[in-house]
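A short write-up of the structure that comes next.
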Amino acid sequence: MANFVSSNLLAFQSQIAQDFNKAEVRELQNKILYNAATYAPFIIGDVEAIKESDKRAVYTYFMKKKASTSGTARSYAPTGTLSDSGQVALSWVTFSETFGISLQSGMDNVINYEMQFAHMLREVQRNLRERIGTYIVQQLHTGRTQTAPVTTGVRNATWDAVNFAFVNDAAQLDLFYENAASVMRQNKYYNKFDVIADPIIAKRARFDQMQSAGNAQNLAYQFQSYNPNGIMEHSTLGNEVATAFGNGCAIVLPEASYSMIPWIPKINREGSGDYESFNGGFGTVDDDQGLPLTYAVRGWAQKQDASSLGGTVQDIHIDMELSIDIAFNLAPMSISGETPVYEFGQAQS
């Protein structure tokens, strides 16, 4: 039952300890979301100084690689052409969550108004984080490369041109991560890699990482190519996207090659109005888990008979909305269909 009615002071009650409530409000852990936010400066600078409203387009630019001229001799008067640049339009998607509360909803409730408000504020942020994190995984899968410099003749994997993935041989399960790193290196990616893995292949990573140096089957060496953050597991991969690989799949990409650029309107950043008035107000709230995210807050009030909602007949109901705009971006590439996101699937045995 909604509106906290089940906890009204109709009989003696006690409030459950917050730690004992963790199972109810548990959250999908998501390192991908944190990494995407921290990588934003690699894409663009102070976006809020550029984009003051949701009507203004924002572009960023990159320098394209120069094709080889394949010269085999010197010329007394060599001629050449200038290289080129490319444009990327940043596209924002809005995520919002709402809640409402009556000013007197806690008068006859073991959970008072302040606690109800704080709980709902935490909950809408949790919902926003989970939705944004899932969206990022979906975008990474959708944005996986559909071509690569080395697909025909690639070693240690087989290119699947239908699912746009490199497939690890069934007999090579123990070397899934080393083979993935090998394919990345064959395609000229040499630095540390980020990995988003489905629950199946993430489990394999934890098993392989625990193989000690004294074990005859030492497999831990293969993770030297990956970031110290480890393998980032997300259930959306494999369960909702990349479903072609029942034995597990992962997305591998160079570090700092994807980002999430957050934005909120200027009126929220500067603050305006009053949440407890009919016209309402605008403001901000920082993420309560410490992520580098600031949410736009819009709130307004109206008179209401809230007696059936946990309040009183002469009450004031406040509606609140938290929102944030997200621009997801991959490192740009000039070849159509090519991205730095490589998907790897494990073949059936």
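Following the order of the structure tokens, first chain is A, next is B, and so on, with residues numbered from 1 inside each chain and ligands from 1 in the order they appear.
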Quick one: residues within 8 Å of Leu237 of chain A, only C-alpha atoms counted, chain neighbours fewer than 4 positions away excluded, as a list in words?
Val137, Gln138, His141, Ile196, Ala197, Asp198, Val241, Ala242, Thr243, Cys249 and Ala250 of chain A
Spatial neighbours of Ile132 of chain A, 12 Å, only C-alpha atoms, chain gap at least 6 places, as a PyMOL selection string
chain A and resi 28-34+36-37+93-97+125-126+138-139+236+260-262+293+323-328
Please report, as JSON lines, each residue of segment 98-166 of chain A lying at most 7 Å from segment 342-346 of chain A, together with the nearest pair of atoms and the separation in Å rounded to one decimal; use only C-alpha atoms, and order rows by chain and ascending residue number.
```
{"residue": "A:Arg144", "atom": "CA", "partner": "A:Tyr342", "partner_atom": "CA", "distance": 5.6}
{"residue": "A:Thr145", "atom": "CA", "partner": "A:Tyr342", "partner_atom": "CA", "distance": 5.9}
{"residue": "A:Ala165", "atom": "CA", "partner": "A:Glu343", "partner_atom": "CA", "distance": 4.8}
{"residue": "A:Phe166", "atom": "CA", "partner": "A:Phe344", "partner_atom": "CA", "distance": 4.8}
```
Which residues come within 8 Å of Leu330 of chain A, counting only C-alpha atoms, excluding same-chain residues fewer than 4 positions away, as a list in words?
Gly143, Ser257, Tyr258, Ser259, Thr339 and Pro340 of chain A
Atoms to include: C-alpha atoms. Write the selected residues as a PDB file, in the first residue's frame.
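Final output, result_25.pdb:
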```pdb
ATOM      1  CA  GLY A 143      27.696   1.076 -30.355  1.00  0.00           C
ATOM      2  CA  SER A 257      37.118   5.889 -24.734  1.00  0.00           C
ATOM      3  CA  TYR A 258      33.540   6.382 -23.540  1.00  0.00           C
ATOM      4  CA  SER A 259      31.931   9.020 -21.385  1.00  0.00           C
ATOM      5  CA  THR A 339      34.182   2.081 -32.909  1.00  0.00           C
ATOM      6  CA  PRO A 340      36.640   1.254 -30.111  1.00  0.00           C
TER       7      PRO A 340
END
```
Shell of 12 Å around Tyr221 of chain A, only C-alpha atoms, local chain residues under 5 positions omitted, as a compact mmCIF listing (two decimals) with N, CA and C atoms, in the first residue's frame:
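For reference, around35.txt as written:
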```
# COMPACT_ATOMS: atom_id res chain seq x y z
N ASP A 174 39.38 -20.91 -20.64
CA ASP A 174 40.31 -20.43 -19.62
C ASP A 174 41.10 -19.21 -20.07
N LEU A 175 41.16 -18.99 -21.38
CA LEU A 175 41.96 -17.87 -21.91
C LEU A 175 41.06 -16.80 -22.54
N TYR A 177 39.95 -13.95 -21.49
CA TYR A 177 40.39 -12.56 -21.32
C TYR A 177 41.74 -12.29 -22.00
N GLU A 178 42.61 -13.28 -22.02
CA GLU A 178 43.87 -13.10 -22.72
C GLU A 178 43.64 -13.03 -24.23
N ALA A 181 42.25 -9.61 -25.09
CA ALA A 181 43.31 -8.60 -25.10
C ALA A 181 44.19 -8.75 -26.34
N ALA A 205 36.08 -14.68 -14.71
CA ALA A 205 37.19 -13.79 -14.38
C ALA A 205 37.59 -13.94 -12.92
N ASP A 208 39.51 -17.20 -12.52
CA ASP A 208 40.85 -17.17 -13.10
C ASP A 208 41.79 -16.26 -12.32
N GLN A 209 41.27 -15.17 -11.77
CA GLN A 209 42.12 -14.25 -11.02
C GLN A 209 42.64 -14.85 -9.73
N MET A 210 41.94 -15.86 -9.22
CA MET A 210 42.35 -16.48 -7.96
C MET A 210 43.37 -17.60 -8.15
N GLN A 211 43.76 -17.88 -9.38
CA GLN A 211 44.78 -18.91 -9.62
C GLN A 211 46.13 -18.36 -9.17
N SER A 212 46.70 -18.96 -8.16
CA SER A 212 47.94 -18.44 -7.58
C SER A 212 49.15 -18.84 -8.41
N ALA A 213 50.27 -18.20 -8.09
CA ALA A 213 51.50 -18.46 -8.84
C ALA A 213 51.97 -19.89 -8.66
N TYR A 226 44.26 -5.39 -18.18
CA TYR A 226 43.03 -4.70 -17.84
C TYR A 226 43.23 -3.75 -16.67
```
May I have all residues of segment 73-315 of chain A that DSSP, computed from the backbone, assigns to helix (DSSP H, G or I), given as a PDB file with N, CA and C atoms, in the first residue's frame?
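Produced file selection_7.pdb, reproduced below:
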```
ATOM      1  N   TYR A 113       7.824  13.193   8.976  1.00  0.00           N
ATOM      2  CA  TYR A 113       7.902  13.848   7.666  1.00  0.00           C
ATOM      3  C   TYR A 113       9.329  13.899   7.143  1.00  0.00           C
ATOM      4  N   GLU A 114      10.277  14.293   7.989  1.00  0.00           N
ATOM      5  CA  GLU A 114      11.668  14.427   7.545  1.00  0.00           C
ATOM      6  C   GLU A 114      12.228  13.097   7.075  1.00  0.00           C
ATOM      7  N   MET A 115      11.883  12.020   7.796  1.00  0.00           N
ATOM      8  CA  MET A 115      12.389  10.702   7.419  1.00  0.00           C
ATOM      9  C   MET A 115      11.744  10.216   6.122  1.00  0.00           C
ATOM     10  N   GLN A 116      10.438  10.481   5.964  1.00  0.00           N
ATOM     11  CA  GLN A 116       9.775  10.106   4.721  1.00  0.00           C
ATOM     12  C   GLN A 116      10.386  10.837   3.529  1.00  0.00           C
ATOM     13  N   PHE A 117      10.610  12.140   3.692  1.00  0.00           N
ATOM     14  CA  PHE A 117      11.167  12.944   2.607  1.00  0.00           C
ATOM     15  C   PHE A 117      12.564  12.460   2.243  1.00  0.00           C
ATOM     16  N   ALA A 118      13.406  12.239   3.265  1.00  0.00           N
ATOM     17  CA  ALA A 118      14.779  11.789   3.015  1.00  0.00           C
ATOM     18  C   ALA A 118      14.797  10.429   2.325  1.00  0.00           C
ATOM     19  N   HIS A 119      13.899   9.540   2.751  1.00  0.00           N
ATOM     20  CA  HIS A 119      13.834   8.206   2.140  1.00  0.00           C
ATOM     21  C   HIS A 119      13.483   8.306   0.662  1.00  0.00           C
ATOM     22  N   MET A 120      12.470   9.091   0.337  1.00  0.00           N
ATOM     23  CA  MET A 120      12.057   9.188  -1.062  1.00  0.00           C
ATOM     24  C   MET A 120      13.106   9.890  -1.906  1.00  0.00           C
ATOM     25  N   LEU A 121      13.820  10.856  -1.322  1.00  0.00           N
ATOM     26  CA  LEU A 121      14.898  11.522  -2.050  1.00  0.00           C
ATOM     27  C   LEU A 121      16.006  10.533  -2.387  1.00  0.00           C
ATOM     28  N   ARG A 122      16.318   9.653  -1.442  1.00  0.00           N
ATOM     29  CA  ARG A 122      17.329   8.620  -1.710  1.00  0.00           C
ATOM     30  C   ARG A 122      16.840   7.640  -2.773  1.00  0.00           C
ATOM     31  N   GLU A 123      15.569   7.274  -2.687  1.00  0.00           N
ATOM     32  CA  GLU A 123      15.028   6.277  -3.602  1.00  0.00           C
ATOM     33  C   GLU A 123      14.990   6.765  -5.052  1.00  0.00           C
ATOM     34  N   VAL A 124      14.607   8.010  -5.283  1.00  0.00           N
ATOM     35  CA  VAL A 124      14.565   8.489  -6.670  1.00  0.00           C
ATOM     36  C   VAL A 124      15.978   8.584  -7.234  1.00  0.00           C
ATOM     37  N   GLN A 125      16.958   8.897  -6.389  1.00  0.00           N
ATOM     38  CA  GLN A 125      18.340   8.903  -6.866  1.00  0.00           C
ATOM     39  C   GLN A 125      18.799   7.488  -7.199  1.00  0.00           C
ATOM     40  N   ARG A 126      18.432   6.531  -6.363  1.00  0.00           N
ATOM     41  CA  ARG A 126      18.778   5.133  -6.659  1.00  0.00           C
ATOM     42  C   ARG A 126      18.187   4.707  -8.001  1.00  0.00           C
ATOM     43  N   ASN A 127      16.919   5.043  -8.224  1.00  0.00           N
ATOM     44  CA  ASN A 127      16.273   4.693  -9.490  1.00  0.00           C
ATOM     45  C   ASN A 127      16.955   5.361 -10.673  1.00  0.00           C
ATOM     46  N   LEU A 128      17.356   6.606 -10.515  1.00  0.00           N
ATOM     47  CA  LEU A 128      18.038   7.311 -11.600  1.00  0.00           C
ATOM     48  C   LEU A 128      19.375   6.651 -11.914  1.00  0.00           C
ATOM     49  N   ARG A 129      20.138   6.326 -10.875  1.00  0.00           N
ATOM     50  CA  ARG A 129      21.443   5.697 -11.115  1.00  0.00           C
ATOM     51  C   ARG A 129      21.286   4.367 -11.834  1.00  0.00           C
ATOM     52  N   GLU A 130      20.326   3.554 -11.395  1.00  0.00           N
ATOM     53  CA  GLU A 130      20.145   2.247 -12.036  1.00  0.00           C
ATOM     54  C   GLU A 130      19.715   2.405 -13.489  1.00  0.00           C
ATOM     55  N   ARG A 131      18.819   3.337 -13.755  1.00  0.00           N
ATOM     56  CA  ARG A 131      18.354   3.548 -15.131  1.00  0.00           C
ATOM     57  C   ARG A 131      19.483   4.058 -16.021  1.00  0.00           C
ATOM     58  N   ILE A 132      20.266   5.000 -15.516  1.00  0.00           N
ATOM     59  CA  ILE A 132      21.368   5.553 -16.320  1.00  0.00           C
ATOM     60  C   ILE A 132      22.432   4.490 -16.555  1.00  0.00           C
ATOM     61  N   GLY A 133      22.744   3.706 -15.522  1.00  0.00           N
ATOM     62  CA  GLY A 133      23.742   2.649 -15.684  1.00  0.00           C
ATOM     63  C   GLY A 133      23.331   1.625 -16.722  1.00  0.00           C
ATOM     64  N   THR A 134      22.071   1.224 -16.699  1.00  0.00           N
ATOM     65  CA  THR A 134      21.565   0.280 -17.698  1.00  0.00           C
ATOM     66  C   THR A 134      21.609   0.898 -19.090  1.00  0.00           C
ATOM     67  N   TYR A 135      21.267   2.161 -19.175  1.00  0.00           N
ATOM     68  CA  TYR A 135      21.302   2.860 -20.464  1.00  0.00           C
ATOM     69  C   TYR A 135      22.720   2.866 -21.043  1.00  0.00           C
ATOM     70  N   ILE A 136      23.717   3.075 -20.205  1.00  0.00           N
ATOM     71  CA  ILE A 136      25.107   3.096 -20.678  1.00  0.00           C
ATOM     72  C   ILE A 136      25.506   1.738 -21.245  1.00  0.00           C
ATOM     73  N   VAL A 137      25.145   0.668 -20.534  1.00  0.00           N
ATOM     74  CA  VAL A 137      25.462  -0.674 -21.037  1.00  0.00           C
ATOM     75  C   VAL A 137      24.762  -0.926 -22.367  1.00  0.00           C
ATOM     76  N   GLN A 138      23.525  -0.517 -22.477  1.00  0.00           N
ATOM     77  CA  GLN A 138      22.793  -0.676 -23.739  1.00  0.00           C
ATOM     78  C   GLN A 138      23.467   0.086 -24.869  1.00  0.00           C
ATOM     79  N   GLN A 139      23.923   1.306 -24.565  1.00  0.00           N
ATOM     80  CA  GLN A 139      24.581   2.113 -25.591  1.00  0.00           C
ATOM     81  C   GLN A 139      25.923   1.520 -26.001  1.00  0.00           C
ATOM     82  N   LEU A 140      26.645   0.962 -25.054  1.00  0.00           N
ATOM     83  CA  LEU A 140      27.919   0.318 -25.387  1.00  0.00           C
ATOM     84  C   LEU A 140      27.696  -0.877 -26.311  1.00  0.00           C
ATOM     85  N   HIS A 141      26.677  -1.676 -25.997  1.00  0.00           N
ATOM     86  CA  HIS A 141      26.392  -2.819 -26.860  1.00  0.00           C
ATOM     87  C   HIS A 141      25.934  -2.354 -28.243  1.00  0.00           C
ATOM     88  N   THR A 142      25.022  -1.387 -28.287  1.00  0.00           N
ATOM     89  CA  THR A 142      24.534  -0.881 -29.578  1.00  0.00           C
ATOM     90  C   THR A 142      25.670  -0.265 -30.382  1.00  0.00           C
ATOM     91  N   ALA A 170      35.447 -22.610 -27.963  1.00  0.00           N
ATOM     92  CA  ALA A 170      34.943 -23.345 -26.809  1.00  0.00           C
ATOM     93  C   ALA A 170      36.068 -23.951 -25.979  1.00  0.00           C
ATOM     94  N   ALA A 171      37.139 -24.392 -26.642  1.00  0.00           N
ATOM     95  CA  ALA A 171      38.251 -25.015 -25.932  1.00  0.00           C
ATOM     96  C   ALA A 171      39.162 -24.003 -25.260  1.00  0.00           C
ATOM     97  N   GLN A 172      38.922 -22.716 -25.489  1.00  0.00           N
ATOM     98  CA  GLN A 172      39.790 -21.664 -24.957  1.00  0.00           C
ATOM     99  C   GLN A 172      39.114 -20.847 -23.839  1.00  0.00           C
ATOM    100  N   LEU A 173      38.159 -21.438 -23.137  1.00  0.00           N
ATOM    101  CA  LEU A 173      37.434 -20.711 -22.096  1.00  0.00           C
ATOM    102  C   LEU A 173      38.373 -20.132 -21.048  1.00  0.00           C
ATOM    103  N   ASP A 174      39.381 -20.913 -20.644  1.00  0.00           N
ATOM    104  CA  ASP A 174      40.311 -20.433 -19.621  1.00  0.00           C
ATOM    105  C   ASP A 174      41.098 -19.210 -20.069  1.00  0.00           C
ATOM    106  N   LEU A 175      41.164 -18.989 -21.378  1.00  0.00           N
ATOM    107  CA  LEU A 175      41.957 -17.871 -21.909  1.00  0.00           C
ATOM    108  C   LEU A 175      41.060 -16.805 -22.541  1.00  0.00           C
ATOM    109  N   PHE A 176      39.827 -16.741 -22.121  1.00  0.00           N
ATOM    110  CA  PHE A 176      38.892 -15.769 -22.695  1.00  0.00           C
ATOM    111  C   PHE A 176      39.460 -14.364 -22.638  1.00  0.00           C
ATOM    112  N   TYR A 177      39.951 -13.949 -21.486  1.00  0.00           N
ATOM    113  CA  TYR A 177      40.394 -12.562 -21.316  1.00  0.00           C
ATOM    114  C   TYR A 177      41.736 -12.293 -21.996  1.00  0.00           C
ATOM    115  N   GLU A 178      42.607 -13.276 -22.018  1.00  0.00           N
ATOM    116  CA  GLU A 178      43.873 -13.095 -22.723  1.00  0.00           C
ATOM    117  C   GLU A 178      43.638 -13.032 -24.227  1.00  0.00           C
ATOM    118  N   ASN A 179      42.751 -13.859 -24.743  1.00  0.00           N
ATOM    119  CA  ASN A 179      42.446 -13.826 -26.173  1.00  0.00           C
ATOM    120  C   ASN A 179      41.772 -12.516 -26.563  1.00  0.00           C
ATOM    121  N   ALA A 180      40.903 -12.002 -25.693  1.00  0.00           N
ATOM    122  CA  ALA A 180      40.273 -10.709 -25.967  1.00  0.00           C
ATOM    123  C   ALA A 180      41.317  -9.604 -26.028  1.00  0.00           C
ATOM    124  N   ALA A 181      42.249  -9.612 -25.085  1.00  0.00           N
ATOM    125  CA  ALA A 181      43.311  -8.604 -25.096  1.00  0.00           C
ATOM    126  C   ALA A 181      44.185  -8.745 -26.336  1.00  0.00           C
ATOM    127  N   SER A 182      44.403  -9.981 -26.768  1.00  0.00           N
ATOM    128  CA  SER A 182      45.191 -10.220 -27.975  1.00  0.00           C
ATOM    129  C   SER A 182      44.513  -9.620 -29.203  1.00  0.00           C
ATOM    130  N   VAL A 183      43.202  -9.819 -29.319  1.00  0.00           N
ATOM    131  CA  VAL A 183      42.468  -9.251 -30.450  1.00  0.00           C
ATOM    132  C   VAL A 183      42.539  -7.723 -30.416  1.00  0.00           C
ATOM    133  N   MET A 184      42.436  -7.152 -29.227  1.00  0.00           N
ATOM    134  CA  MET A 184      42.548  -5.691 -29.108  1.00  0.00           C
ATOM    135  C   MET A 184      43.908  -5.222 -29.592  1.00  0.00           C
ATOM    136  N   ARG A 185      44.961  -5.921 -29.199  1.00  0.00           N
ATOM    137  CA  ARG A 185      46.311  -5.528 -29.623  1.00  0.00           C
ATOM    138  C   ARG A 185      46.484  -5.705 -31.132  1.00  0.00           C
ATOM    139  N   GLN A 186      45.910  -6.744 -31.690  1.00  0.00           N
ATOM    140  CA  GLN A 186      45.988  -6.930 -33.142  1.00  0.00           C
ATOM    141  C   GLN A 186      45.323  -5.770 -33.890  1.00  0.00           C
ATOM    142  N   PRO A 199      27.079 -11.778 -16.193  1.00  0.00           N
ATOM    143  CA  PRO A 199      27.330 -12.556 -14.972  1.00  0.00           C
ATOM    144  C   PRO A 199      28.097 -13.856 -15.210  1.00  0.00           C
ATOM    145  N   ILE A 200      27.945 -14.468 -16.382  1.00  0.00           N
ATOM    146  CA  ILE A 200      28.602 -15.749 -16.635  1.00  0.00           C
ATOM    147  C   ILE A 200      30.106 -15.571 -16.812  1.00  0.00           C
ATOM    148  N   ILE A 201      30.492 -14.676 -17.697  1.00  0.00           N
ATOM    149  CA  ILE A 201      31.919 -14.521 -17.982  1.00  0.00           C
ATOM    150  C   ILE A 201      32.611 -13.706 -16.891  1.00  0.00           C
ATOM    151  N   ALA A 202      31.853 -12.920 -16.132  1.00  0.00           N
ATOM    152  CA  ALA A 202      32.430 -12.225 -14.978  1.00  0.00           C
ATOM    153  C   ALA A 202      32.810 -13.239 -13.899  1.00  0.00           C
ATOM    154  N   LYS A 203      31.982 -14.247 -13.737  1.00  0.00           N
ATOM    155  CA  LYS A 203      32.300 -15.316 -12.783  1.00  0.00           C
ATOM    156  C   LYS A 203      33.596 -16.008 -13.172  1.00  0.00           C
ATOM    157  N   ARG A 204      33.785 -16.191 -14.481  1.00  0.00           N
ATOM    158  CA  ARG A 204      35.015 -16.835 -14.949  1.00  0.00           C
ATOM    159  C   ARG A 204      36.228 -15.978 -14.615  1.00  0.00           C
ATOM    160  N   ALA A 205      36.085 -14.683 -14.706  1.00  0.00           N
ATOM    161  CA  ALA A 205      37.190 -13.786 -14.376  1.00  0.00           C
ATOM    162  C   ALA A 205      37.592 -13.938 -12.921  1.00  0.00           C
ATOM    163  N   ARG A 206      36.614 -13.982 -12.023  1.00  0.00           N
ATOM    164  CA  ARG A 206      36.939 -14.119 -10.604  1.00  0.00           C
ATOM    165  C   ARG A 206      37.646 -15.445 -10.330  1.00  0.00           C
ATOM    166  N   PHE A 207      37.228 -16.500 -11.002  1.00  0.00           N
ATOM    167  CA  PHE A 207      37.879 -17.798 -10.826  1.00  0.00           C
ATOM    168  C   PHE A 207      39.317 -17.746 -11.314  1.00  0.00           C
ATOM    169  N   ASP A 208      39.509 -17.200 -12.518  1.00  0.00           N
ATOM    170  CA  ASP A 208      40.853 -17.166 -13.099  1.00  0.00           C
ATOM    171  C   ASP A 208      41.787 -16.259 -12.319  1.00  0.00           C
ATOM    172  N   GLN A 209      41.270 -15.174 -11.768  1.00  0.00           N
ATOM    173  CA  GLN A 209      42.116 -14.247 -11.018  1.00  0.00           C
ATOM    174  C   GLN A 209      42.638 -14.851  -9.726  1.00  0.00           C
ATOM    175  N   ALA A 220      46.045 -16.130 -13.804  1.00  0.00           N
ATOM    176  CA  ALA A 220      45.883 -14.747 -13.361  1.00  0.00           C
ATOM    177  C   ALA A 220      46.665 -13.762 -14.225  1.00  0.00           C
ATOM    178  N   TYR A 221      47.700 -14.234 -14.918  1.00  0.00           N
ATOM    179  CA  TYR A 221      48.555 -13.343 -15.703  1.00  0.00           C
ATOM    180  C   TYR A 221      47.780 -12.572 -16.762  1.00  0.00           C
ATOM    181  N   GLN A 222      46.697 -13.162 -17.278  1.00  0.00           N
ATOM    182  CA  GLN A 222      46.010 -12.567 -18.421  1.00  0.00           C
ATOM    183  C   GLN A 222      45.302 -11.261 -18.073  1.00  0.00           C
ATOM    184  N   PHE A 223      45.162 -10.942 -16.788  1.00  0.00           N
ATOM    185  CA  PHE A 223      44.451  -9.725 -16.402  1.00  0.00           C
ATOM    186  C   PHE A 223      45.378  -8.519 -16.271  1.00  0.00           C
ATOM    187  N   GLN A 224      46.637  -8.688 -16.621  1.00  0.00           N
ATOM    188  CA  GLN A 224      47.571  -7.559 -16.613  1.00  0.00           C
ATOM    189  C   GLN A 224      47.201  -6.513 -17.656  1.00  0.00           C
ATOM    190  N   SER A 225      46.440  -6.916 -18.667  1.00  0.00           N
ATOM    191  CA  SER A 225      46.069  -5.988 -19.731  1.00  0.00           C
ATOM    192  C   SER A 225      44.877  -5.111 -19.351  1.00  0.00           C
ATOM    193  N   THR A 236      22.534  -6.556 -17.228  1.00  0.00           N
ATOM    194  CA  THR A 236      21.855  -6.193 -18.473  1.00  0.00           C
ATOM    195  C   THR A 236      22.535  -6.836 -19.672  1.00  0.00           C
ATOM    196  N   LEU A 237      23.855  -6.922 -19.625  1.00  0.00           N
ATOM    197  CA  LEU A 237      24.600  -7.552 -20.719  1.00  0.00           C
ATOM    198  C   LEU A 237      24.369  -9.061 -20.633  1.00  0.00           C
ATOM    199  N   GLY A 238      23.902  -9.650 -21.704  1.00  0.00           N
ATOM    200  CA  GLY A 238      23.609 -11.074 -21.699  1.00  0.00           C
ATOM    201  C   GLY A 238      22.160 -11.375 -21.388  1.00  0.00           C
ATOM    202  N   ASN A 239      21.583 -10.664 -20.415  1.00  0.00           N
ATOM    203  CA  ASN A 239      20.178 -10.891 -20.067  1.00  0.00           C
ATOM    204  C   ASN A 239      19.241 -10.105 -20.974  1.00  0.00           C
ATOM    205  N   LYS A 266      20.136  25.834 -16.544  1.00  0.00           N
ATOM    206  CA  LYS A 266      20.759  26.945 -15.828  1.00  0.00           C
ATOM    207  C   LYS A 266      19.906  27.417 -14.662  1.00  0.00           C
ATOM    208  N   ILE A 267      18.564  27.423 -14.816  1.00  0.00           N
ATOM    209  CA  ILE A 267      17.688  27.910 -13.754  1.00  0.00           C
ATOM    210  C   ILE A 267      17.828  27.055 -12.495  1.00  0.00           C
ATOM    211  N   ASN A 268      18.097  25.760 -12.680  1.00  0.00           N
ATOM    212  CA  ASN A 268      18.328  24.902 -11.526  1.00  0.00           C
ATOM    213  C   ASN A 268      19.683  25.174 -10.896  1.00  0.00           C
ATOM    214  N   ARG A 269      20.688  25.366 -11.726  1.00  0.00           N
ATOM    215  CA  ARG A 269      22.029  25.634 -11.197  1.00  0.00           C
ATOM    216  C   ARG A 269      22.065  26.919 -10.388  1.00  0.00           C
ATOM    217  N   GLU A 270      21.315  27.920 -10.824  1.00  0.00           N
ATOM    218  CA  GLU A 270      21.317  29.205 -10.126  1.00  0.00           C
ATOM    219  C   GLU A 270      20.303  29.234  -8.994  1.00  0.00           C
ATOM    220  N   SER A 307      -6.218  13.489   3.681  1.00  0.00           N
ATOM    221  CA  SER A 307      -6.585  12.583   4.762  1.00  0.00           C
ATOM    222  C   SER A 307      -6.518  11.119   4.340  1.00  0.00           C
ATOM    223  N   SER A 308      -6.721  10.842   3.073  1.00  0.00           N
ATOM    224  CA  SER A 308      -6.627   9.466   2.584  1.00  0.00           C
ATOM    225  C   SER A 308      -5.213   9.108   2.136  1.00  0.00           C
ATOM    226  N   LEU A 309      -4.294  10.059   2.256  1.00  0.00           N
ATOM    227  CA  LEU A 309      -2.916   9.847   1.804  1.00  0.00           C
ATOM    228  C   LEU A 309      -1.924   9.901   2.953  1.00  0.00           C
TER     229      LEU A 309
END
```
Coordinates-based distance that separates atom CA of Trp263 of chain A from atom CA of Gly337 of chain A (Å, one decimal):
27.8 Å
